[in-house]
file run.cif (mmCIF, N, CA and C atoms)
data_coords
loop_
_atom_site.label_atom_id
_atom_site.label_comp_id
_atom_site.auth_asym_id
_atom_site.auth_seq_id
_atom_site.Cartn_x
_atom_site.Cartn_y
_atom_site.Cartn_z
N MET D 259 3.21 69.42 -13.53
CA MET D 259 2.99 68.08 -13.07
C MET D 259 3.44 67.99 -11.61
N SER D 260 2.61 67.44 -10.76
CA SER D 260 2.92 67.34 -9.33
C SER D 260 3.91 66.20 -9.08
N PRO D 261 4.63 66.24 -7.97
CA PRO D 261 5.61 65.18 -7.67
C PRO D 261 4.94 63.82 -7.58
N LEU D 262 3.73 63.75 -7.07
CA LEU D 262 3.02 62.47 -6.95
C LEU D 262 2.68 61.91 -8.32
N SER D 263 2.21 62.76 -9.23
CA SER D 263 1.87 62.27 -10.56
C SER D 263 3.12 61.87 -11.33
N ARG D 264 4.26 62.58 -11.10
CA ARG D 264 5.52 62.19 -11.76
C ARG D 264 5.99 60.83 -11.24
N ALA D 265 5.82 60.56 -9.93
CA ALA D 265 6.24 59.27 -9.35
C ALA D 265 5.38 58.14 -9.90
N ARG D 266 4.09 58.41 -10.07
CA ARG D 266 3.20 57.39 -10.64
C ARG D 266 3.55 57.10 -12.08
N SER D 267 3.88 58.10 -12.84
CA SER D 267 4.18 57.89 -14.25
C SER D 267 5.53 57.19 -14.41
N ALA D 268 6.44 57.29 -13.43
CA ALA D 268 7.74 56.63 -13.51
C ALA D 268 7.62 55.13 -13.25
N GLU D 269 6.63 54.71 -12.46
CA GLU D 269 6.44 53.28 -12.18
C GLU D 269 5.88 52.60 -13.42
N PRO D 270 6.40 51.41 -13.75
CA PRO D 270 5.84 50.69 -14.90
C PRO D 270 4.43 50.23 -14.57
N LEU D 271 3.58 50.33 -15.53
CA LEU D 271 2.21 49.88 -15.33
C LEU D 271 2.17 48.36 -15.35
N GLU D 272 1.68 47.80 -14.27
CA GLU D 272 1.58 46.35 -14.20
C GLU D 272 0.27 45.94 -14.84
N GLN D 273 0.37 45.15 -15.86
CA GLN D 273 -0.85 44.71 -16.53
C GLN D 273 -1.46 43.57 -15.74
N GLU D 274 -2.76 43.59 -15.69
CA GLU D 274 -3.44 42.50 -15.01
C GLU D 274 -3.35 41.25 -15.88
N LYS D 275 -3.19 40.13 -15.23
CA LYS D 275 -3.08 38.87 -15.96
C LYS D 275 -4.45 38.44 -16.44
N SER D 276 -4.46 37.82 -17.60
CA SER D 276 -5.74 37.35 -18.14
C SER D 276 -6.16 36.07 -17.42
N THR D 277 -7.41 35.75 -17.60
CA THR D 277 -7.94 34.53 -16.99
C THR D 277 -7.18 33.31 -17.48
N GLY D 278 -6.85 33.30 -18.74
CA GLY D 278 -6.10 32.17 -19.32
C GLY D 278 -4.74 32.02 -18.67
N GLU D 279 -4.05 33.16 -18.43
CA GLU D 279 -2.73 33.10 -17.79
C GLU D 279 -2.85 32.61 -16.35
N LEU D 280 -3.87 33.09 -15.65
CA LEU D 280 -4.09 32.64 -14.27
C LEU D 280 -4.41 31.15 -14.22
N LEU D 281 -5.26 30.71 -15.14
CA LEU D 281 -5.61 29.29 -15.21
C LEU D 281 -4.39 28.45 -15.53
N SER D 282 -3.55 28.96 -16.42
CA SER D 282 -2.31 28.27 -16.77
C SER D 282 -1.40 28.14 -15.56
N GLU D 283 -1.28 29.20 -14.77
CA GLU D 283 -0.45 29.16 -13.56
C GLU D 283 -1.00 28.16 -12.55
N VAL D 284 -2.31 28.18 -12.36
CA VAL D 284 -2.93 27.25 -11.41
C VAL D 284 -2.71 25.81 -11.87
N THR D 285 -2.90 25.56 -13.17
CA THR D 285 -2.68 24.22 -13.70
C THR D 285 -1.24 23.79 -13.51
N SER D 286 -0.32 24.68 -13.79
CA SER D 286 1.10 24.39 -13.61
C SER D 286 1.41 24.09 -12.15
N ASP D 287 0.86 24.89 -11.25
CA ASP D 287 1.07 24.66 -9.82
C ASP D 287 0.49 23.32 -9.38
N LEU D 288 -0.68 22.97 -9.90
CA LEU D 288 -1.29 21.68 -9.57
C LEU D 288 -0.44 20.53 -10.07
N GLN D 289 0.13 20.67 -11.26
CA GLN D 289 0.99 19.63 -11.80
C GLN D 289 2.23 19.45 -10.93
N VAL D 290 2.83 20.56 -10.52
CA VAL D 290 4.01 20.49 -9.65
C VAL D 290 3.63 19.83 -8.32
N LEU D 291 2.50 20.24 -7.76
CA LEU D 291 2.05 19.67 -6.50
C LEU D 291 1.81 18.17 -6.64
N PHE D 292 1.17 17.77 -7.73
CA PHE D 292 0.89 16.35 -7.96
C PHE D 292 2.19 15.57 -8.07
N ARG D 293 3.15 16.12 -8.82
CA ARG D 293 4.46 15.43 -8.97
C ARG D 293 5.15 15.29 -7.62
N GLN D 294 5.09 16.34 -6.81
CA GLN D 294 5.72 16.28 -5.49
C GLN D 294 5.04 15.24 -4.61
N GLU D 295 3.73 15.16 -4.71
CA GLU D 295 2.99 14.16 -3.92
C GLU D 295 3.37 12.75 -4.37
N VAL D 296 3.51 12.54 -5.67
CA VAL D 296 3.91 11.23 -6.19
C VAL D 296 5.31 10.88 -5.71
N GLU D 297 6.23 11.83 -5.74
CA GLU D 297 7.59 11.58 -5.27
C GLU D 297 7.60 11.25 -3.78
N LEU D 298 6.79 11.96 -3.00
CA LEU D 298 6.69 11.68 -1.57
C LEU D 298 6.13 10.28 -1.34
N ALA D 299 5.11 9.93 -2.10
CA ALA D 299 4.53 8.59 -1.97
C ALA D 299 5.55 7.51 -2.32
N LYS D 300 6.33 7.73 -3.38
CA LYS D 300 7.37 6.77 -3.76
C LYS D 300 8.38 6.60 -2.64
N ALA D 301 8.81 7.71 -2.05
CA ALA D 301 9.79 7.65 -0.97
C ALA D 301 9.24 6.90 0.24
N GLU D 302 7.99 7.19 0.57
CA GLU D 302 7.37 6.51 1.71
C GLU D 302 7.21 5.02 1.44
N ILE D 303 6.79 4.67 0.22
CA ILE D 303 6.61 3.26 -0.12
C ILE D 303 7.95 2.53 -0.07
N LYS D 304 9.00 3.17 -0.56
CA LYS D 304 10.32 2.54 -0.54
C LYS D 304 10.77 2.30 0.90
N GLU D 305 10.59 3.31 1.75
CA GLU D 305 10.99 3.17 3.15
C GLU D 305 10.19 2.07 3.85
N GLU D 306 8.89 2.09 3.64
CA GLU D 306 8.04 1.08 4.26
C GLU D 306 8.32 -0.31 3.68
N GLY D 307 8.63 -0.36 2.40
CA GLY D 307 8.97 -1.64 1.77
C GLY D 307 10.22 -2.24 2.35
N THR D 308 11.20 -1.40 2.64
CA THR D 308 12.44 -1.88 3.26
C THR D 308 12.15 -2.46 4.64
N LYS D 309 11.36 -1.73 5.43
CA LYS D 309 11.01 -2.24 6.76
C LYS D 309 10.21 -3.53 6.66
N ALA D 310 9.27 -3.58 5.71
CA ALA D 310 8.46 -4.79 5.54
C ALA D 310 9.31 -5.97 5.09
N GLY D 311 10.30 -5.71 4.24
CA GLY D 311 11.18 -6.78 3.78
C GLY D 311 11.97 -7.38 4.93
N LYS D 312 12.48 -6.53 5.81
CA LYS D 312 13.21 -7.03 6.97
C LYS D 312 12.30 -7.85 7.88
N ALA D 313 11.10 -7.34 8.10
CA ALA D 313 10.15 -8.06 8.94
C ALA D 313 9.77 -9.40 8.30
N ALA D 314 9.60 -9.40 6.98
CA ALA D 314 9.25 -10.64 6.28
C ALA D 314 10.37 -11.66 6.42
N GLY D 315 11.61 -11.21 6.37
CA GLY D 315 12.74 -12.11 6.57
C GLY D 315 12.71 -12.74 7.95
N MET D 316 12.37 -11.94 8.94
CA MET D 316 12.27 -12.48 10.30
C MET D 316 11.11 -13.46 10.42
N PHE D 317 9.98 -13.13 9.78
CA PHE D 317 8.86 -14.06 9.78
C PHE D 317 9.24 -15.36 9.08
N GLY D 318 10.02 -15.24 8.01
CA GLY D 318 10.48 -16.44 7.31
C GLY D 318 11.32 -17.32 8.21
N GLY D 319 12.24 -16.70 8.95
CA GLY D 319 13.05 -17.45 9.90
C GLY D 319 12.21 -18.10 10.98
N ALA D 320 11.24 -17.36 11.49
CA ALA D 320 10.35 -17.91 12.52
C ALA D 320 9.52 -19.06 11.95
N GLY D 321 9.09 -18.90 10.70
CA GLY D 321 8.32 -19.97 10.06
C GLY D 321 9.14 -21.24 9.90
N PHE D 322 10.40 -21.08 9.51
CA PHE D 322 11.27 -22.25 9.36
C PHE D 322 11.50 -22.92 10.71
N ALA D 323 11.73 -22.11 11.75
CA ALA D 323 11.92 -22.67 13.09
C ALA D 323 10.66 -23.42 13.53
N GLY D 324 9.51 -22.83 13.27
CA GLY D 324 8.24 -23.50 13.61
C GLY D 324 8.07 -24.80 12.85
N TYR D 325 8.48 -24.79 11.57
CA TYR D 325 8.42 -26.00 10.75
C TYR D 325 9.27 -27.10 11.37
N MET D 326 10.48 -26.73 11.78
CA MET D 326 11.38 -27.72 12.39
C MET D 326 10.79 -28.29 13.68
N VAL D 327 10.17 -27.42 14.48
CA VAL D 327 9.54 -27.88 15.72
C VAL D 327 8.44 -28.88 15.39
N LEU D 328 7.60 -28.54 14.41
CA LEU D 328 6.51 -29.47 14.05
C LEU D 328 7.04 -30.77 13.47
N LEU D 329 8.12 -30.70 12.72
CA LEU D 329 8.72 -31.91 12.17
C LEU D 329 9.17 -32.85 13.29
N PHE D 330 9.90 -32.29 14.26
CA PHE D 330 10.39 -33.14 15.33
C PHE D 330 9.27 -33.60 16.27
N LEU D 331 8.26 -32.77 16.47
CA LEU D 331 7.10 -33.23 17.26
C LEU D 331 6.37 -34.35 16.52
N SER D 332 6.28 -34.24 15.21
CA SER D 332 5.64 -35.30 14.43
C SER D 332 6.44 -36.59 14.53
N LEU D 333 7.76 -36.48 14.45
CA LEU D 333 8.60 -37.67 14.60
C LEU D 333 8.43 -38.28 15.99
N ALA D 334 8.35 -37.43 17.00
CA ALA D 334 8.13 -37.93 18.36
C ALA D 334 6.80 -38.65 18.46
N ALA D 335 5.77 -38.09 17.80
CA ALA D 335 4.46 -38.75 17.81
C ALA D 335 4.52 -40.10 17.10
N VAL D 336 5.23 -40.16 15.98
CA VAL D 336 5.37 -41.43 15.26
C VAL D 336 6.08 -42.45 16.15
N PHE D 337 7.19 -42.04 16.75
CA PHE D 337 7.94 -42.98 17.61
C PHE D 337 7.12 -43.40 18.83
N GLY D 338 6.33 -42.46 19.37
CA GLY D 338 5.47 -42.80 20.52
C GLY D 338 4.39 -43.79 20.13
N LEU D 339 3.76 -43.57 18.99
CA LEU D 339 2.72 -44.51 18.53
C LEU D 339 3.33 -45.85 18.13
N ALA D 340 4.58 -45.82 17.67
CA ALA D 340 5.25 -47.06 17.24
C ALA D 340 5.46 -48.01 18.42
N ARG D 341 5.41 -47.51 19.64
CA ARG D 341 5.55 -48.37 20.81
C ARG D 341 4.30 -49.23 21.02
N VAL D 342 3.15 -48.77 20.52
CA VAL D 342 1.90 -49.52 20.73
C VAL D 342 1.36 -50.14 19.45
N MET D 343 1.93 -49.81 18.27
CA MET D 343 1.48 -50.37 17.00
C MET D 343 2.63 -50.42 16.02
N ASP D 344 2.38 -50.94 14.85
CA ASP D 344 3.41 -51.03 13.81
C ASP D 344 3.85 -49.63 13.39
N GLU D 345 5.15 -49.47 13.06
CA GLU D 345 5.70 -48.15 12.70
C GLU D 345 5.01 -47.55 11.47
N GLY D 346 4.68 -48.37 10.50
CA GLY D 346 4.02 -47.89 9.28
C GLY D 346 2.67 -47.26 9.58
N TRP D 347 1.90 -47.94 10.44
CA TRP D 347 0.58 -47.40 10.81
C TRP D 347 0.73 -46.10 11.61
N ALA D 348 1.70 -46.05 12.48
CA ALA D 348 1.94 -44.85 13.29
C ALA D 348 2.26 -43.65 12.38
N ALA D 349 3.16 -43.86 11.39
CA ALA D 349 3.50 -42.79 10.45
C ALA D 349 2.29 -42.38 9.62
N LEU D 350 1.48 -43.35 9.22
CA LEU D 350 0.28 -43.06 8.43
C LEU D 350 -0.72 -42.22 9.22
N ILE D 351 -0.90 -42.51 10.50
CA ILE D 351 -1.83 -41.76 11.34
C ILE D 351 -1.36 -40.30 11.48
N VAL D 352 -0.07 -40.11 11.75
CA VAL D 352 0.46 -38.75 11.89
C VAL D 352 0.35 -37.99 10.57
N ALA D 353 0.65 -38.65 9.46
CA ALA D 353 0.52 -38.01 8.14
C ALA D 353 -0.93 -37.64 7.85
N ALA D 354 -1.88 -38.49 8.22
CA ALA D 354 -3.30 -38.19 8.01
C ALA D 354 -3.73 -36.98 8.82
N LEU D 355 -3.23 -36.88 10.06
CA LEU D 355 -3.57 -35.72 10.88
C LEU D 355 -3.03 -34.44 10.24
N TRP D 356 -1.81 -34.48 9.70
CA TRP D 356 -1.26 -33.32 9.02
C TRP D 356 -2.02 -33.00 7.73
N GLY D 357 -2.49 -34.03 7.05
CA GLY D 357 -3.29 -33.82 5.84
C GLY D 357 -4.59 -33.09 6.16
N ILE D 358 -5.22 -33.49 7.25
CA ILE D 358 -6.48 -32.84 7.67
C ILE D 358 -6.21 -31.38 8.05
N ALA D 359 -5.14 -31.15 8.82
CA ALA D 359 -4.80 -29.77 9.21
C ALA D 359 -4.52 -28.92 7.97
N GLY D 360 -3.81 -29.47 7.00
CA GLY D 360 -3.50 -28.73 5.77
C GLY D 360 -4.75 -28.40 4.98
N ALA D 361 -5.69 -29.35 4.89
CA ALA D 361 -6.93 -29.12 4.15
C ALA D 361 -7.77 -28.02 4.80
N VAL D 362 -7.85 -28.04 6.13
CA VAL D 362 -8.62 -27.01 6.85
C VAL D 362 -7.99 -25.64 6.63
N LEU D 363 -6.66 -25.55 6.76
CA LEU D 363 -5.98 -24.27 6.56
C LEU D 363 -6.13 -23.78 5.12
N TYR D 364 -6.09 -24.69 4.14
CA TYR D 364 -6.27 -24.30 2.75
C TYR D 364 -7.66 -23.71 2.52
N GLN D 365 -8.68 -24.35 3.05
CA GLN D 365 -10.05 -23.85 2.88
C GLN D 365 -10.22 -22.47 3.52
N LYS D 366 -9.68 -22.30 4.72
CA LYS D 366 -9.80 -20.99 5.38
C LYS D 366 -9.04 -19.92 4.62
N GLY D 367 -7.84 -20.24 4.15
CA GLY D 367 -7.05 -19.28 3.37
C GLY D 367 -7.74 -18.91 2.07
N ARG D 368 -8.33 -19.88 1.41
CA ARG D 368 -9.05 -19.63 0.16
C ARG D 368 -10.25 -18.71 0.39
N ALA D 369 -10.98 -18.95 1.48
CA ALA D 369 -12.13 -18.09 1.80
C ALA D 369 -11.67 -16.66 2.10
N LYS D 370 -10.57 -16.51 2.82
CA LYS D 370 -10.06 -15.17 3.11
C LYS D 370 -9.58 -14.47 1.84
N MET D 371 -8.94 -15.21 0.95
CA MET D 371 -8.40 -14.63 -0.28
C MET D 371 -9.52 -14.09 -1.17
N ARG D 372 -10.66 -14.69 -1.12
CA ARG D 372 -11.80 -14.21 -1.93
C ARG D 372 -12.28 -12.84 -1.48
N THR D 373 -11.97 -12.46 -0.25
CA THR D 373 -12.41 -11.15 0.24
C THR D 373 -11.40 -10.05 -0.05
N VAL D 374 -10.23 -10.41 -0.58
CA VAL D 374 -9.18 -9.43 -0.86
C VAL D 374 -9.49 -8.68 -2.15
N SER D 375 -9.38 -7.36 -2.10
CA SER D 375 -9.59 -6.53 -3.28
C SER D 375 -8.24 -5.97 -3.71
N PRO D 376 -7.80 -6.25 -4.96
CA PRO D 376 -6.50 -5.74 -5.39
C PRO D 376 -6.49 -4.24 -5.68
N LYS D 377 -7.66 -3.64 -5.82
CA LYS D 377 -7.74 -2.22 -6.13
C LYS D 377 -7.76 -1.42 -4.84
N PRO D 378 -6.90 -0.39 -4.71
CA PRO D 378 -6.90 0.43 -3.49
C PRO D 378 -8.11 1.38 -3.50
N GLU D 379 -9.21 0.93 -2.96
CA GLU D 379 -10.48 1.65 -3.03
C GLU D 379 -10.40 3.07 -2.46
N GLN D 380 -9.77 3.22 -1.31
CA GLN D 380 -9.73 4.53 -0.65
C GLN D 380 -8.91 5.53 -1.48
N THR D 381 -7.80 5.07 -2.05
CA THR D 381 -6.96 5.94 -2.88
C THR D 381 -7.71 6.37 -4.13
N VAL D 382 -8.41 5.44 -4.76
CA VAL D 382 -9.18 5.76 -5.97
C VAL D 382 -10.24 6.81 -5.65
N GLN D 383 -10.92 6.66 -4.51
CA GLN D 383 -11.95 7.62 -4.13
C GLN D 383 -11.34 9.00 -3.87
N THR D 384 -10.21 9.03 -3.18
CA THR D 384 -9.53 10.30 -2.90
C THR D 384 -9.10 10.99 -4.18
N LEU D 385 -8.55 10.23 -5.12
CA LEU D 385 -8.12 10.81 -6.39
C LEU D 385 -9.32 11.36 -7.17
N LYS D 386 -10.45 10.67 -7.12
CA LYS D 386 -11.66 11.17 -7.78
C LYS D 386 -12.10 12.50 -7.15
N GLU D 387 -12.05 12.57 -5.83
CA GLU D 387 -12.42 13.81 -5.14
C GLU D 387 -11.46 14.94 -5.50
N ASP D 388 -10.15 14.63 -5.57
CA ASP D 388 -9.17 15.65 -5.95
C ASP D 388 -9.41 16.15 -7.37
N ALA D 389 -9.71 15.23 -8.28
CA ALA D 389 -9.96 15.62 -9.66
C ALA D 389 -11.22 16.48 -9.76
N GLU D 390 -12.24 16.13 -8.99
CA GLU D 390 -13.48 16.92 -8.98
C GLU D 390 -13.21 18.31 -8.43
N TRP D 391 -12.43 18.40 -7.37
CA TRP D 391 -12.09 19.70 -6.81
C TRP D 391 -11.28 20.53 -7.81
N ALA D 392 -10.36 19.89 -8.53
CA ALA D 392 -9.54 20.62 -9.50
C ALA D 392 -10.41 21.17 -10.63
N ARG D 393 -11.45 20.44 -10.99
CA ARG D 393 -12.36 20.92 -12.06
C ARG D 393 -13.21 22.07 -11.55
N HIS D 394 -13.64 22.02 -10.30
CA HIS D 394 -14.53 23.03 -9.72
C HIS D 394 -14.01 23.44 -8.35
N PRO D 395 -12.95 24.23 -8.27
CA PRO D 395 -12.34 24.54 -6.96
C PRO D 395 -13.20 25.41 -6.05
N THR D 396 -14.20 26.07 -6.56
CA THR D 396 -15.00 26.97 -5.72
C THR D 396 -16.20 26.28 -5.12
N THR D 397 -16.51 25.05 -5.53
CA THR D 397 -17.71 24.39 -4.99
C THR D 397 -17.39 23.54 -3.81
#
call {"tool": "encode", "arguments": {"input": "run.cif", "output": "structure tokens"}}
result
Amino acid sequence: MSPLSRARSAEPLEQEKSTGELLSEVTSDLQVLFRQEVELAKAEIKEEGTKAGKAAGMFGGAGFAGYMVLLFLSLAAVFGLARVMDEGWAALIVAALWGIAGAVLYQKGRAKMRTVSPKPEQTVQTLKEDAEWARHPTT
């Protein structure tokens, strides 16, 4: 027996993996990858949610400040109109103007809300493409 053939016989024969074992490994790897992607998405959403919450708090403060400005401007308008007419009529006119503004804003908001889709269309499409690729990775 030659030294080369003795060296070959000393090495353990590595058996080739079956298609089922390879498919199992690929499936396992895909599951791990999917879990990692979900964890990454959760972390990103949490981080972005924290930033959005802080920004929303600031918007809330700005909204309250704006409300106070409009309240005092409305009072100024009532007092200004009260110089030329009865106070009750002045308050009624200012209230009617605010009622009209509120109705217009409500209608516009309602129209915009009808265009909102609660389903994340782009994510659904991407997931469908990923699932199709996982079923047929060579196409």
call {"tool": "atom_distance", "arguments": {"input": "run.cif", "atom1": "atom CA of D:Leu291", "atom2": "atom C of D:Asp388"}}
result
12.0 Å
call {"tool": "atom_distance", "arguments": {"input": "run.cif", "atom1": "atom N of D:Leu328", "atom2": "atom C of D:Gly315"}}
result
17.8 Å
call {"tool": "atom_distance", "arguments": {"input": "run.cif", "atom1": "atom CA of D:Glu390", "atom2": "atom CA of D:Ser286"}}
result
17.0 Å
call {"tool": "closest_residue", "arguments": {"input": "run.cif", "among": "D:Val327, D:Ala389, D:Ala320, D:Ala359", "to": "D:Gln289", "atoms": "only C-alpha atoms"}}
result
D:Ala389
call {"tool": "decode", "arguments": {"input": "run.cif", "residues": "stretch 342-359 of chain D", "atoms": "N, CA and C atoms", "output": "PDB file, in the first residue's frame"}}
result
ATOM      1  N   VAL D 342     -69.171  98.051  19.571  1.00  0.00           N
ATOM      2  CA  VAL D 342     -70.093  98.569  18.553  1.00  0.00           C
ATOM      3  C   VAL D 342     -71.460  97.892  18.595  1.00  0.00           C
ATOM      4  N   MET D 343     -71.634  96.818  19.391  1.00  0.00           N
ATOM      5  CA  MET D 343     -72.920  96.124  19.499  1.00  0.00           C
ATOM      6  C   MET D 343     -73.046  95.487  20.871  1.00  0.00           C
ATOM      7  N   ASP D 344     -74.164  94.866  21.123  1.00  0.00           N
ATOM      8  CA  ASP D 344     -74.402  94.198  22.400  1.00  0.00           C
ATOM      9  C   ASP D 344     -73.414  93.043  22.575  1.00  0.00           C
ATOM     10  N   GLU D 345     -72.971  92.801  23.833  1.00  0.00           N
ATOM     11  CA  GLU D 345     -71.969  91.761  24.110  1.00  0.00           C
ATOM     12  C   GLU D 345     -72.450  90.365  23.699  1.00  0.00           C
ATOM     13  N   GLY D 346     -73.715  90.081  23.891  1.00  0.00           N
ATOM     14  CA  GLY D 346     -74.266  88.770  23.534  1.00  0.00           C
ATOM     15  C   GLY D 346     -74.156  88.499  22.040  1.00  0.00           C
ATOM     16  N   TRP D 347     -74.490  89.520  21.242  1.00  0.00           N
ATOM     17  CA  TRP D 347     -74.395  89.361  19.785  1.00  0.00           C
ATOM     18  C   TRP D 347     -72.931  89.213  19.348  1.00  0.00           C
ATOM     19  N   ALA D 348     -72.042  89.946  19.974  1.00  0.00           N
ATOM     20  CA  ALA D 348     -70.619  89.863  19.644  1.00  0.00           C
ATOM     21  C   ALA D 348     -70.097  88.446  19.910  1.00  0.00           C
ATOM     22  N   ALA D 349     -70.441  87.875  21.083  1.00  0.00           N
ATOM     23  CA  ALA D 349     -70.015  86.514  21.413  1.00  0.00           C
ATOM     24  C   ALA D 349     -70.624  85.506  20.447  1.00  0.00           C
ATOM     25  N   LEU D 350     -71.880  85.712  20.064  1.00  0.00           N
ATOM     26  CA  LEU D 350     -72.550  84.805  19.128  1.00  0.00           C
ATOM     27  C   LEU D 350     -71.876  84.825  17.753  1.00  0.00           C
ATOM     28  N   ILE D 351     -71.470  85.993  17.285  1.00  0.00           N
ATOM     29  CA  ILE D 351     -70.804  86.108  15.984  1.00  0.00           C
ATOM     30  C   ILE D 351     -69.462  85.365  16.004  1.00  0.00           C
ATOM     31  N   VAL D 352     -68.677  85.572  17.065  1.00  0.00           N
ATOM     32  CA  VAL D 352     -67.380  84.898  17.165  1.00  0.00           C
ATOM     33  C   VAL D 352     -67.572  83.385  17.264  1.00  0.00           C
ATOM     34  N   ALA D 353     -68.556  82.943  18.041  1.00  0.00           N
ATOM     35  CA  ALA D 353     -68.838  81.506  18.162  1.00  0.00           C
ATOM     36  C   ALA D 353     -69.271  80.920  16.820  1.00  0.00           C
ATOM     37  N   ALA D 354     -70.069  81.650  16.048  1.00  0.00           N
ATOM     38  CA  ALA D 354     -70.505  81.172  14.733  1.00  0.00           C
ATOM     39  C   ALA D 354     -69.317  81.031  13.785  1.00  0.00           C
ATOM     40  N   LEU D 355     -68.388  81.990  13.845  1.00  0.00           N
ATOM     41  CA  LEU D 355     -67.197  81.888  12.997  1.00  0.00           C
ATOM     42  C   LEU D 355     -66.384  80.647  13.358  1.00  0.00           C
ATOM     43  N   TRP D 356     -66.244  80.360  14.657  1.00  0.00           N
ATOM     44  CA  TRP D 356     -65.526  79.162  15.073  1.00  0.00           C
ATOM     45  C   TRP D 356     -66.281  77.890  14.677  1.00  0.00           C
ATOM     46  N   GLY D 357     -67.594  77.943  14.715  1.00  0.00           N
ATOM     47  CA  GLY D 357     -68.400  76.791  14.287  1.00  0.00           C
ATOM     48  C   GLY D 357     -68.184  76.484  12.811  1.00  0.00           C
ATOM     49  N   ILE D 358     -68.132  77.522  12.004  1.00  0.00           N
ATOM     50  CA  ILE D 358     -67.902  77.350  10.556  1.00  0.00           C
ATOM     51  C   ILE D 358     -66.503  76.777  10.319  1.00  0.00           C
ATOM     52  N   ALA D 359     -65.506  77.328  11.013  1.00  0.00           N
ATOM     53  CA  ALA D 359     -64.130  76.821  10.859  1.00  0.00           C
ATOM     54  C   ALA D 359     -64.056  75.351  11.275  1.00  0.00           C
TER      55      ALA D 359
END
